[in-house]
>>> print(open('work-v4.txt').read())   # compact mmCIF, C-alpha atoms
# COMPACT_ATOMS: atom_id res chain seq x y z
CA MET A 25 -15.65 -32.56 -8.95
CA LYS A 26 -17.40 -32.67 -12.31
CA LYS A 27 -19.55 -35.67 -13.08
CA LYS A 28 -18.32 -38.15 -15.63
CA ILE A 29 -20.26 -37.91 -18.85
CA ALA A 30 -21.54 -41.15 -20.38
CA PHE A 31 -23.09 -41.20 -23.83
CA ILE A 32 -25.47 -44.03 -24.76
CA SER A 33 -26.51 -44.46 -28.37
CA GLY A 34 -29.87 -46.19 -28.66
CA ILE A 35 -30.87 -45.00 -25.21
CA GLY A 36 -34.56 -45.59 -25.89
CA GLY A 37 -34.07 -49.34 -26.28
CA GLN A 38 -34.12 -52.08 -23.68
CA ASP A 39 -30.39 -52.08 -22.95
CA GLY A 40 -30.05 -48.33 -23.19
CA ALA A 41 -32.77 -47.76 -20.61
CA TYR A 42 -31.36 -50.22 -18.08
CA LEU A 43 -27.83 -48.90 -18.58
CA ALA A 44 -28.94 -45.28 -18.18
CA HIS A 45 -30.69 -46.18 -14.92
CA LEU A 46 -27.51 -47.83 -13.63
CA LEU A 47 -25.21 -44.96 -14.62
CA LEU A 48 -27.48 -42.33 -13.08
CA ASN A 49 -27.37 -44.25 -9.81
CA LYS A 50 -23.57 -44.20 -10.03
CA GLY A 51 -23.52 -40.43 -10.36
CA TYR A 52 -22.90 -40.04 -14.08
CA ARG A 53 -24.28 -37.30 -16.25
CA VAL A 54 -26.07 -39.35 -18.89
CA ILE A 55 -26.59 -38.16 -22.44
CA GLY A 56 -28.56 -40.33 -24.80
CA GLY A 57 -28.72 -40.45 -28.55
CA GLU A 58 -31.69 -41.44 -30.71
CA ARG A 59 -32.33 -41.16 -34.43
CA ARG A 60 -34.30 -38.03 -35.23
CA SER A 61 -36.57 -40.15 -37.40
CA SER A 62 -37.29 -42.52 -34.53
CA LYS A 63 -40.85 -42.78 -33.29
CA ASN A 64 -39.63 -43.78 -29.84
CA THR A 65 -41.95 -42.57 -27.10
CA TYR A 66 -39.29 -43.38 -24.48
CA TRP A 67 -41.77 -45.59 -22.63
CA ARG A 68 -38.90 -47.59 -21.13
CA LEU A 69 -37.27 -44.49 -19.66
CA LYS A 70 -40.65 -43.42 -18.31
CA PHE A 71 -41.22 -46.88 -16.84
CA LEU A 72 -37.87 -46.64 -15.03
CA LYS A 73 -38.71 -43.04 -13.99
CA ILE A 74 -35.53 -41.56 -15.43
CA LEU A 75 -36.63 -39.72 -18.58
CA LYS A 76 -36.36 -36.26 -16.97
CA LYS A 77 -32.89 -37.07 -15.63
CA ILE A 78 -31.38 -37.69 -19.07
CA GLU A 79 -30.35 -35.34 -21.85
CA ILE A 80 -31.52 -36.78 -25.18
CA ILE A 81 -30.10 -35.50 -28.44
CA ASP A 82 -30.46 -36.36 -32.12
CA PHE A 83 -27.86 -38.93 -33.09
CA GLU A 84 -27.32 -40.63 -36.43
CA LEU A 85 -24.76 -43.40 -36.90
CA ASN A 86 -24.94 -42.76 -40.64
CA GLU A 87 -23.78 -39.12 -40.40
CA LEU A 88 -20.12 -38.40 -39.61
CA THR A 89 -20.69 -34.68 -39.04
CA ASN A 90 -23.34 -35.54 -36.46
CA ILE A 91 -20.84 -37.68 -34.52
CA ILE A 92 -18.09 -35.03 -34.77
CA ARG A 93 -20.50 -32.41 -33.41
CA LEU A 94 -21.26 -34.64 -30.42
CA PHE A 95 -17.60 -34.84 -29.41
CA ASN A 96 -17.07 -31.13 -30.00
CA ASN A 97 -19.94 -30.33 -27.66
CA TYR A 98 -19.31 -32.81 -24.84
CA ASN A 99 -16.29 -34.16 -22.98
CA ILE A 100 -17.38 -37.79 -23.07
CA SER A 101 -15.71 -40.18 -20.63
CA GLU A 102 -17.50 -43.35 -21.71
CA PHE A 103 -19.30 -44.08 -24.98
CA TYR A 104 -21.69 -47.05 -25.04
CA ASN A 105 -22.73 -47.94 -28.56
CA LEU A 106 -26.00 -49.84 -28.23
CA ALA A 107 -27.65 -48.43 -31.36
CA ALA A 108 -28.12 -50.75 -34.33
CA GLN A 109 -30.54 -52.07 -36.88
CA SER A 110 -31.05 -55.01 -34.58
CA PHE A 111 -33.71 -57.16 -36.24
CA VAL A 112 -32.20 -60.15 -38.00
CA HIS A 113 -35.26 -60.75 -40.17
CA SER A 114 -35.28 -57.12 -41.35
CA SER A 115 -31.60 -57.27 -42.29
CA PHE A 116 -32.38 -59.66 -45.14
CA LYS A 117 -34.79 -57.08 -46.56
CA ASN A 118 -32.51 -54.09 -45.91
CA PRO A 119 -28.93 -55.39 -46.05
CA ILE A 120 -27.29 -52.15 -47.25
CA THR A 121 -28.88 -49.94 -44.60
CA THR A 122 -28.14 -52.56 -41.95
CA SER A 123 -24.49 -52.74 -42.98
CA ASP A 124 -24.01 -48.98 -43.08
CA THR A 125 -25.63 -48.45 -39.69
CA ASN A 126 -24.17 -51.39 -37.80
CA GLY A 127 -20.77 -51.58 -39.48
CA MET A 128 -19.73 -48.22 -40.89
CA GLY A 129 -21.53 -46.43 -38.08
CA VAL A 130 -19.11 -47.92 -35.56
CA LEU A 131 -16.13 -46.99 -37.73
CA ARG A 132 -17.37 -43.39 -37.84
CA ILE A 133 -17.49 -43.31 -34.03
CA LEU A 134 -14.05 -44.86 -33.60
CA GLU A 135 -12.42 -42.56 -36.14
CA THR A 136 -13.94 -39.56 -34.37
CA ILE A 137 -12.72 -40.80 -30.99
CA ARG A 138 -9.25 -41.38 -32.43
CA THR A 139 -8.96 -37.85 -33.82
CA LEU A 140 -10.91 -35.79 -31.27
CA SER A 141 -11.13 -37.68 -27.97
CA PRO A 142 -8.61 -40.55 -27.68
CA LYS A 143 -9.09 -40.89 -23.93
CA THR A 144 -12.82 -41.71 -24.29
CA LYS A 145 -13.56 -45.32 -23.37
CA PHE A 146 -15.64 -47.11 -26.01
CA PHE A 147 -18.02 -50.04 -25.56
CA GLN A 148 -19.39 -51.96 -28.54
CA ALA A 149 -22.37 -54.28 -28.12
CA SER A 150 -21.54 -57.36 -30.16
CA THR A 151 -23.86 -60.34 -30.54
CA SER A 152 -23.93 -64.12 -30.35
CA GLU A 153 -25.29 -64.06 -33.91
CA LEU A 154 -21.63 -63.71 -34.94
CA TYR A 155 -21.17 -67.42 -34.27
CA GLY A 156 -23.87 -68.56 -36.68
CA ASN A 157 -24.11 -72.33 -36.89
CA SER A 158 -21.02 -72.93 -34.84
CA SER A 159 -19.68 -76.48 -34.66
CA SER A 160 -18.77 -75.92 -30.99
CA LYS A 161 -21.15 -77.12 -28.26
CA SER A 162 -20.73 -73.75 -26.58
CA GLN A 163 -19.16 -70.52 -27.75
CA ASP A 164 -16.48 -68.45 -26.01
CA GLU A 165 -14.16 -65.57 -26.89
CA ASN A 166 -11.98 -67.81 -29.06
CA THR A 167 -14.72 -69.63 -31.00
CA SER A 168 -14.68 -69.03 -34.76
CA PHE A 169 -17.35 -66.74 -36.20
CA ARG A 170 -19.69 -67.93 -38.97
CA PRO A 171 -22.33 -65.18 -39.42
CA ARG A 172 -25.53 -66.22 -41.24
CA SER A 173 -27.38 -62.96 -41.83
CA PRO A 174 -26.61 -59.42 -43.08
CA TYR A 175 -27.17 -58.31 -39.48
CA ALA A 176 -24.54 -60.69 -38.14
CA VAL A 177 -22.05 -59.82 -40.89
CA SER A 178 -22.44 -56.09 -40.18
CA LYS A 179 -21.91 -56.67 -36.46
CA LEU A 180 -18.82 -58.76 -37.22
CA PHE A 181 -17.27 -55.79 -39.03
CA ALA A 182 -18.09 -53.59 -36.03
CA HIS A 183 -16.55 -56.17 -33.67
CA PHE A 184 -13.28 -56.44 -35.55
CA ILE A 185 -12.91 -52.74 -36.34
CA THR A 186 -13.24 -52.03 -32.61
CA ILE A 187 -10.43 -54.48 -31.87
CA ASN A 188 -8.36 -53.04 -34.73
CA TYR A 189 -8.64 -49.47 -33.42
CA ARG A 190 -7.61 -50.64 -29.96
CA GLU A 191 -4.57 -52.47 -31.26
CA ALA A 192 -3.58 -49.89 -33.89
CA TYR A 193 -4.18 -46.67 -31.95
CA GLY A 194 -4.22 -47.68 -28.28
CA LEU A 195 -7.85 -46.77 -27.69
CA PHE A 196 -9.67 -48.19 -24.69
CA ALA A 197 -12.19 -50.05 -26.84
CA CYS A 198 -14.07 -53.18 -25.78
CA CYS A 199 -16.71 -55.53 -27.12
CA ALA A 200 -19.21 -57.66 -25.23
CA ILE A 201 -20.50 -60.64 -27.17
CA THR A 202 -23.94 -60.75 -25.62
CA PHE A 203 -26.15 -63.78 -26.01
CA ASN A 204 -29.92 -63.24 -26.12
CA HIS A 205 -31.02 -61.11 -23.20
CA GLU A 206 -34.65 -60.36 -22.47
CA SER A 207 -36.82 -58.39 -20.08
CA PRO A 208 -40.22 -56.69 -19.89
CA LEU A 209 -38.58 -53.81 -21.78
CA ARG A 210 -38.06 -55.88 -24.94
CA SER A 211 -39.79 -54.63 -28.10
CA GLU A 212 -42.50 -56.71 -29.72
CA GLU A 213 -40.36 -57.58 -32.74
CA PHE A 214 -38.46 -60.05 -30.54
CA VAL A 215 -39.97 -63.48 -30.15
CA THR A 216 -39.90 -63.66 -26.33
CA LYS A 217 -41.89 -60.44 -25.95
CA LYS A 218 -44.23 -61.52 -28.73
CA ILE A 219 -44.90 -64.83 -26.97
CA ALA A 220 -45.44 -63.28 -23.55
CA LYS A 221 -47.77 -60.53 -24.72
CA SER A 222 -49.71 -62.74 -27.14
CA LEU A 223 -50.39 -65.46 -24.57
CA VAL A 224 -51.90 -62.88 -22.21
CA GLU A 225 -54.05 -61.55 -25.07
CA ILE A 226 -55.21 -65.08 -25.93
CA LYS A 227 -56.09 -65.67 -22.29
CA ASN A 228 -58.19 -62.50 -22.33
CA LYS A 229 -59.80 -63.33 -25.69
CA LYS A 230 -58.22 -60.41 -27.57
CA ILE A 231 -56.66 -62.73 -30.15
CA ASN A 232 -57.18 -66.41 -31.00
CA HIS A 233 -53.65 -67.71 -31.40
CA ILE A 234 -50.02 -66.79 -31.94
CA ASP A 235 -48.06 -67.38 -35.18
CA LEU A 236 -44.43 -68.44 -34.74
CA GLY A 237 -41.59 -69.67 -36.93
CA ASN A 238 -39.04 -72.36 -36.09
CA LEU A 239 -39.87 -73.72 -32.64
CA TYR A 240 -36.69 -75.75 -32.39
CA VAL A 241 -33.95 -73.13 -32.51
CA ARG A 242 -32.08 -73.01 -29.20
CA ARG A 243 -30.99 -69.80 -27.53
CA ASP A 244 -29.09 -68.81 -24.41
CA TRP A 245 -31.53 -66.39 -22.75
CA GLY A 246 -30.42 -64.10 -19.92
CA TYR A 247 -31.83 -61.08 -18.12
CA ALA A 248 -31.03 -57.76 -19.79
CA LYS A 249 -30.85 -55.80 -16.54
CA GLU A 250 -28.02 -58.04 -15.33
CA TYR A 251 -26.17 -57.82 -18.62
CA THR A 252 -26.12 -54.02 -18.76
CA GLU A 253 -24.44 -53.96 -15.34
CA LEU A 254 -21.61 -55.86 -17.00
CA PHE A 255 -21.35 -53.30 -19.80
CA TRP A 256 -20.29 -50.74 -17.20
CA LYS A 257 -17.97 -53.16 -15.39
CA ILE A 258 -16.18 -54.02 -18.63
CA LEU A 259 -15.23 -50.37 -19.11
CA GLN A 260 -13.90 -50.18 -15.55
CA GLN A 261 -11.29 -52.91 -16.11
CA LYS A 262 -7.62 -51.96 -16.37
CA LYS A 263 -7.23 -53.74 -19.70
CA PRO A 264 -9.71 -53.41 -22.58
CA MET A 265 -10.75 -56.73 -24.07
CA GLU A 266 -13.66 -58.87 -25.25
CA TYR A 267 -16.05 -60.87 -23.07
CA VAL A 268 -18.85 -63.32 -23.71
CA ILE A 269 -21.94 -62.56 -21.62
CA SER A 270 -24.28 -65.53 -21.31
CA THR A 271 -25.99 -67.89 -18.87
CA GLY A 272 -24.38 -71.07 -20.19
CA GLU A 273 -27.79 -72.69 -20.77
CA SER A 274 -29.87 -72.96 -23.93
CA HIS A 275 -33.58 -73.57 -24.45
CA THR A 276 -35.83 -73.87 -27.48
CA ILE A 277 -38.54 -71.41 -28.41
CA LYS A 278 -40.95 -74.27 -27.81
CA GLU A 279 -39.73 -74.51 -24.21
CA PHE A 280 -40.22 -70.77 -23.78
CA VAL A 281 -43.81 -71.03 -25.04
CA GLU A 282 -44.58 -73.97 -22.74
CA GLU A 283 -43.12 -72.24 -19.69
CA ALA A 284 -44.86 -68.94 -20.43
CA ALA A 285 -48.21 -70.64 -21.12
CA LYS A 286 -48.39 -71.86 -17.52
CA TYR A 287 -48.88 -68.29 -16.28
CA CYS A 288 -52.05 -68.01 -18.35
CA GLY A 289 -53.46 -71.31 -17.17
CA PHE A 290 -52.65 -73.12 -20.41
CA LYS A 291 -51.06 -76.54 -20.77
CA LEU A 292 -49.97 -77.34 -24.28
CA LYS A 293 -49.92 -80.53 -26.26
CA TRP A 294 -48.39 -80.62 -29.72
CA GLU A 295 -49.82 -82.17 -32.85
CA GLY A 296 -48.56 -82.31 -36.44
CA LYS A 297 -45.10 -81.83 -37.91
CA GLY A 298 -43.25 -79.05 -39.71
CA ILE A 299 -45.38 -76.05 -40.65
CA LYS A 300 -48.49 -78.06 -39.71
CA GLU A 301 -47.46 -78.38 -36.07
CA ARG A 302 -49.92 -76.88 -33.61
CA GLY A 303 -49.86 -76.12 -29.90
CA ILE A 304 -53.22 -77.01 -28.34
CA ASP A 305 -54.44 -76.15 -24.85
CA ILE A 306 -55.47 -79.47 -23.28
CA TYR A 307 -58.10 -77.80 -21.09
CA THR A 308 -60.08 -76.16 -23.90
CA ASN A 309 -58.79 -78.08 -26.92
CA LYS A 310 -58.20 -74.73 -28.65
CA VAL A 311 -55.23 -74.11 -30.92
CA ILE A 312 -52.97 -71.60 -29.17
CA VAL A 313 -49.87 -71.77 -31.39
CA LYS A 314 -49.60 -72.05 -35.17
CA ILE A 315 -46.54 -72.15 -37.42
CA ASN A 316 -46.17 -69.54 -40.14
CA LYS A 317 -43.50 -69.82 -42.84
CA LYS A 318 -43.02 -66.06 -43.05
CA PHE A 319 -41.27 -66.13 -39.67
CA PHE A 320 -38.55 -68.52 -40.82
CA ARG A 321 -35.17 -66.99 -41.67
CA PRO A 322 -33.58 -67.62 -45.09
CA THR A 323 -30.53 -68.96 -43.21
CA GLU A 324 -31.24 -70.08 -39.67
CA VAL A 325 -28.94 -70.19 -36.66
CA ASN A 326 -29.96 -73.39 -34.93
CA THR A 327 -28.18 -73.43 -31.58
CA LEU A 328 -26.38 -70.85 -29.46
CA LYS A 329 -25.01 -71.42 -25.97
CA GLY A 330 -22.39 -69.19 -24.40
CA ASN A 331 -19.36 -70.20 -22.38
CA ASN A 332 -19.06 -67.45 -19.76
CA LYS A 333 -16.02 -68.75 -17.86
CA LEU A 334 -13.82 -65.74 -18.62
CA ILE A 335 -16.22 -63.08 -17.38
CA LYS A 336 -17.06 -65.21 -14.34
CA LYS A 337 -13.38 -65.37 -13.46
CA GLU A 338 -12.24 -61.85 -14.25
CA LEU A 339 -15.32 -59.88 -13.20
CA SER A 340 -16.43 -62.25 -10.41
CA TRP A 341 -19.85 -62.54 -12.00
CA LYS A 342 -22.46 -65.21 -12.42
CA PRO A 343 -26.05 -64.90 -13.66
CA LYS A 344 -28.65 -64.60 -10.91
CA CYS A 345 -31.70 -64.95 -13.14
CA ASN A 346 -32.23 -68.40 -14.66
CA PHE A 347 -34.54 -69.32 -17.53
CA LYS A 348 -37.67 -69.97 -15.46
CA LYS A 349 -37.22 -66.80 -13.42
CA LEU A 350 -36.80 -64.77 -16.59
CA VAL A 351 -40.02 -66.14 -18.07
CA LYS A 352 -41.79 -65.39 -14.79
CA ILE A 353 -40.57 -61.76 -14.79
CA MET A 354 -41.78 -61.23 -18.34
CA MET A 355 -45.14 -62.92 -17.88
CA GLU A 356 -45.96 -61.13 -14.64
CA TYR A 357 -45.22 -57.82 -16.33
CA GLU A 358 -47.49 -58.60 -19.30
CA ILE A 359 -50.33 -59.80 -17.05
CA ASN A 360 -50.14 -56.61 -14.96
CA GLU A 361 -49.76 -54.42 -18.05
CA PHE A 362 -52.92 -55.89 -19.56
CA LYS A 363 -54.81 -55.14 -16.36
CA ARG A 364 -53.57 -51.53 -16.35
CA ASN A 365 -54.75 -51.00 -19.89
>>> encode(input="work-v4.txt", output="structure tokens")
Amino acid sequence: MKKKIAFISGIGGQDGAYLAHLLLNKGYRVIGGERRSSKNTYWRLKFLKILKKIEIIDFELNELTNIIRLFNNYNISEFYNLAAQSFVHSSFKNPITTSDTNGMGVLRILETIRTLSPKTKFFQASTSELYGNSSSKSQDENTSFRPRSPYAVSKLFAHFITINYREAYGLFACCAITFNHESPLRSEEFVTKKIAKSLVEIKNKKINHIDLGNLYVRRDWGYAKEYTELFWKILQQKKPMEYVISTGESHTIKEFVEEAAKYCGFKLKWEGKGIKERGIDIYTNKVIVKINKKFFRPTEVNTLKGNNKLIKKELSWKPKCNFKKLVKIMMEYEINEFKRN
């Protein structure tokens, strides 16, 4: 029997790497797409020891002919769209490119599936940023969306166009509204990775301090490896639909810094207010954390916390990795990585 073919756009990223590893273990033939202009060294795929097991091709969400060629060349069973311009801060500087890639890119895929491969199952990675400054204490599949960045608006289009193509044309098309999910495979543009790596560098006297933005935003942080397992499970359900993936807990960036600092032997005290606030190591009296205005968003999303009751019930799932365990995984990786280098 021929292997099922799974295509993963953005395979060089955190989620793409973990998902590829999972699908290979399940016997899939995995094809990955990356932008030809990408400078990705595929370090995540190398770290997971799967690079040589994957076929990687040029893939551009902005080019319809490129997407058509993909479906003409391969009989794709499952399409996981994980590619995006995924940095919220950058989306304010590049709103048009962000919108074309994240929004119209998904429409190009869906229209190609509709015309060339209607039996292909499609997975769209949505985001908790859709909720913006929600008035709800926690957010579920029925909570109203209030996006507060070009990134979030573009992903909202992608979310709704996926639902529209399912309802209008009967495609098996699903979205997962994923809350923040982290791991050692995160890129340094994300604050959790930045914190973990920088604290290790401060400990080893490579840098003096870390610059951060708003310490008081709250996020629901889960473990990316767990979440990508759910991506696959969602496409195995009999009925295509949307699910929130979250831990159901939220923590501030300040809490993340304090928890991570422990692994470097730091204990922080805080002095000052606003942009003058500082995190000081009580053992050395050195400033470890400073606030920098350039890391504040023009419109901030203050609090996000997911309500995961539906996915718990229908997929019999619950998160195994809590906040403290996640921080531990990331810090141990960075400590060992520094030693290796």
>>> residues_near_point(input="work-v4.txt", point="(-26.9, -45.9, -26.3)", cutoff="9 Å", atoms="all atoms listed in the file", output="PDB file with C-alpha atoms, in the coordinates of the input")
ATOM      1  CA  PHE A  31     -23.090 -41.200 -23.830  1.00  0.00           C
ATOM      2  CA  ILE A  32     -25.470 -44.030 -24.760  1.00  0.00           C
ATOM      3  CA  SER A  33     -26.510 -44.460 -28.370  1.00  0.00           C
ATOM      4  CA  GLY A  34     -29.870 -46.190 -28.660  1.00  0.00           C
ATOM      5  CA  ILE A  35     -30.870 -45.000 -25.210  1.00  0.00           C
ATOM      6  CA  GLY A  36     -34.560 -45.590 -25.890  1.00  0.00           C
ATOM      7  CA  GLY A  37     -34.070 -49.340 -26.280  1.00  0.00           C
ATOM      8  CA  ASP A  39     -30.390 -52.080 -22.950  1.00  0.00           C
ATOM      9  CA  GLY A  40     -30.050 -48.330 -23.190  1.00  0.00           C
ATOM     10  CA  ALA A  41     -32.770 -47.760 -20.610  1.00  0.00           C
ATOM     11  CA  LEU A  43     -27.830 -48.900 -18.580  1.00  0.00           C
ATOM     12  CA  ALA A  44     -28.940 -45.280 -18.180  1.00  0.00           C
ATOM     13  CA  ILE A  55     -26.590 -38.160 -22.440  1.00  0.00           C
ATOM     14  CA  GLY A  56     -28.560 -40.330 -24.800  1.00  0.00           C
ATOM     15  CA  GLY A  57     -28.720 -40.450 -28.550  1.00  0.00           C
ATOM     16  CA  GLU A  58     -31.690 -41.440 -30.710  1.00  0.00           C
ATOM     17  CA  PHE A 103     -19.300 -44.080 -24.980  1.00  0.00           C
ATOM     18  CA  TYR A 104     -21.690 -47.050 -25.040  1.00  0.00           C
ATOM     19  CA  ASN A 105     -22.730 -47.940 -28.560  1.00  0.00           C
ATOM     20  CA  LEU A 106     -26.000 -49.840 -28.230  1.00  0.00           C
ATOM     21  CA  ALA A 107     -27.650 -48.430 -31.360  1.00  0.00           C
TER      22      ALA A 107
END
>>> residues_around(input="work-v4.txt", residues="stretch 75-78 of chain A", least_positions_apart="6", cutoff="8 Å", atoms="only C-alpha atoms", output="list of chain:residue names")
A:Leu48, A:Arg53, A:Val54, A:Ile55, A:Gly56, A:Tyr66, A:Leu69
>>> write_last_selection(input="work-v4.txt", atoms="C-alpha atoms", output="PDB file, keeping the file's coordinate frame")
ATOM      1  CA  LEU A  48     -27.480 -42.330 -13.080  1.00  0.00           C
ATOM      2  CA  ARG A  53     -24.280 -37.300 -16.250  1.00  0.00           C
ATOM      3  CA  VAL A  54     -26.070 -39.350 -18.890  1.00  0.00           C
ATOM      4  CA  ILE A  55     -26.590 -38.160 -22.440  1.00  0.00           C
ATOM      5  CA  GLY A  56     -28.560 -40.330 -24.800  1.00  0.00           C
ATOM      6  CA  TYR A  66     -39.290 -43.380 -24.480  1.00  0.00           C
ATOM      7  CA  LEU A  69     -37.270 -44.490 -19.660  1.00  0.00           C
TER       8      LEU A  69
END
>>> closest_residue(input="work-v4.txt", among="A:Ile269, A:Ala197, A:Val313, A:Val325", to="A:Val112", atoms="all atoms listed in the file")
A:Val325
>>> residues_near_point(input="work-v4.txt", point="(-43.6, -64.4, -25.2)", cutoff="12 Å", atoms="all atoms listed in the file", output="ChimeraX atom specification")
/A:206-208,210-226,234-236,277-288,313,350-359
>>> residues_around(input="work-v4.txt", residues="A:Ser274", least_positions_apart="6", cutoff="7 Å", atoms="all atoms listed in the file", output="PDB file with C-alpha atoms, in the frame of the given file")
ATOM      1  CA  ARG A 242     -32.080 -73.010 -29.200  1.00  0.00           C
ATOM      2  CA  ARG A 243     -30.990 -69.800 -27.530  1.00  0.00           C
ATOM      3  CA  ASP A 244     -29.090 -68.810 -24.410  1.00  0.00           C
ATOM      4  CA  TRP A 245     -31.530 -66.390 -22.750  1.00  0.00           C
ATOM      5  CA  LEU A 328     -26.380 -70.850 -29.460  1.00  0.00           C
ATOM      6  CA  LYS A 329     -25.010 -71.420 -25.970  1.00  0.00           C
TER       7      LYS A 329
END
>>> closest_residue(input="work-v4.txt", among="A:Ile299, A:Ile91, A:Leu292, A:Val130", to="A:Asn316", atoms="only C-alpha atoms")
A:Ile299
>>> residues_around(input="work-v4.txt", residues="A:Lys28", least_positions_apart="5", cutoff="10 Å", atoms="all atoms listed in the file", output="list in words")
Leu47, Lys50, Gly51, Tyr52, Arg53, Val54, Asn99, Ile100, Ser101 and Glu102 of chain A
>>> atom_distance(input="work-v4.txt", atom1="atom CA of A:Asp164", atom2="atom CA of A:Leu85")
28.5 Å
>>> closest_residue(input="work-v4.txt", among="A:Thr151, A:Ser160, A:Asn188, A:Asn118", to="A:Ile201", atoms="all atoms listed in the file")
A:Thr151
>>> residues_around(input="work-v4.txt", residues="A:Ile258", least_positions_apart="3", cutoff="10 Å", atoms="only C-alpha atoms", output="number ranges by chain")
A: 147, 197-200, 252-255, 261-267, 335, 338-339
>>> atom_distance(input="work-v4.txt", atom1="atom CA of A:Tyr175", atom2="atom CA of A:Leu209")
21.5 Å
>>> atom_distance(input="work-v4.txt", atom1="atom CA of A:Gln148", atom2="atom CA of A:Thr186")
7.4 Å
>>> residues_around(input="work-v4.txt", residues="A:Thr139", least_positions_apart="5", cutoff="12 Å", atoms="only C-alpha atoms", output="list of chain:residue names")
A:Ile91, A:Ile92, A:Phe95, A:Asn96, A:Arg132, A:Ile133, A:Leu134, A:Thr144, A:Tyr189, A:Tyr193, A:Leu195
>>> closest_residue(input="work-v4.txt", among="A:Asn331, A:Gln260, A:Ser173, A:Asn228", to="A:Ser110", atoms="all atoms listed in the file")
A:Ser173
>>> closest_residue(input="work-v4.txt", among="A:Glu79, A:Glu84, A:Glu295, A:Glu273", to="A:Asp124", atoms="all atoms listed in the file")
A:Glu84
>>> closest_residue(input="work-v4.txt", among="A:Leu239, A:Leu334, A:Ile137, A:Ile312", to="A:Lys297", atoms="only C-alpha atoms")
A:Leu239
>>> decode(input="work-v4.txt", residues="stretch 205-229 of chain A", atoms="C-alpha atoms", output="CSV table (one decimal), in the first residue's frame")
chain,number,residue,atom,x,y,z
A,205,HIS,CA,3.2,27.3,22.3
A,206,GLU,CA,6.9,27.2,23.0
A,207,SER,CA,9.8,24.8,23.0
A,208,PRO,CA,13.6,24.8,22.5
A,209,LEU,CA,12.9,25.0,18.8
A,210,ARG,CA,11.4,28.5,19.0
A,211,SER,CA,13.2,31.2,17.0
A,212,GLU,CA,14.8,34.1,18.8
A,213,GLU,CA,12.3,36.6,17.6
A,214,PHE,CA,9.8,35.2,20.2
A,215,VAL,CA,10.1,36.5,23.7
A,216,THR,CA,10.3,33.2,25.5
A,217,LYS,CA,13.3,32.0,23.5
A,218,LYS,CA,14.9,35.5,23.8
A,219,ILE,CA,14.5,35.3,27.6
A,220,ALA,CA,15.9,31.8,28.0
A,221,LYS,CA,18.9,32.3,25.7
A,222,SER,CA,19.7,35.8,27.1
A,223,LEU,CA,19.6,34.7,30.7
A,224,VAL,CA,22.2,31.9,30.0
A,225,GLU,CA,24.4,34.5,28.2
A,226,ILE,CA,24.2,36.9,31.1
A,227,LYS,CA,25.1,34.1,33.5
A,228,ASN,CA,28.2,33.3,31.3
A,229,LYS,CA,29.1,37.0,31.0
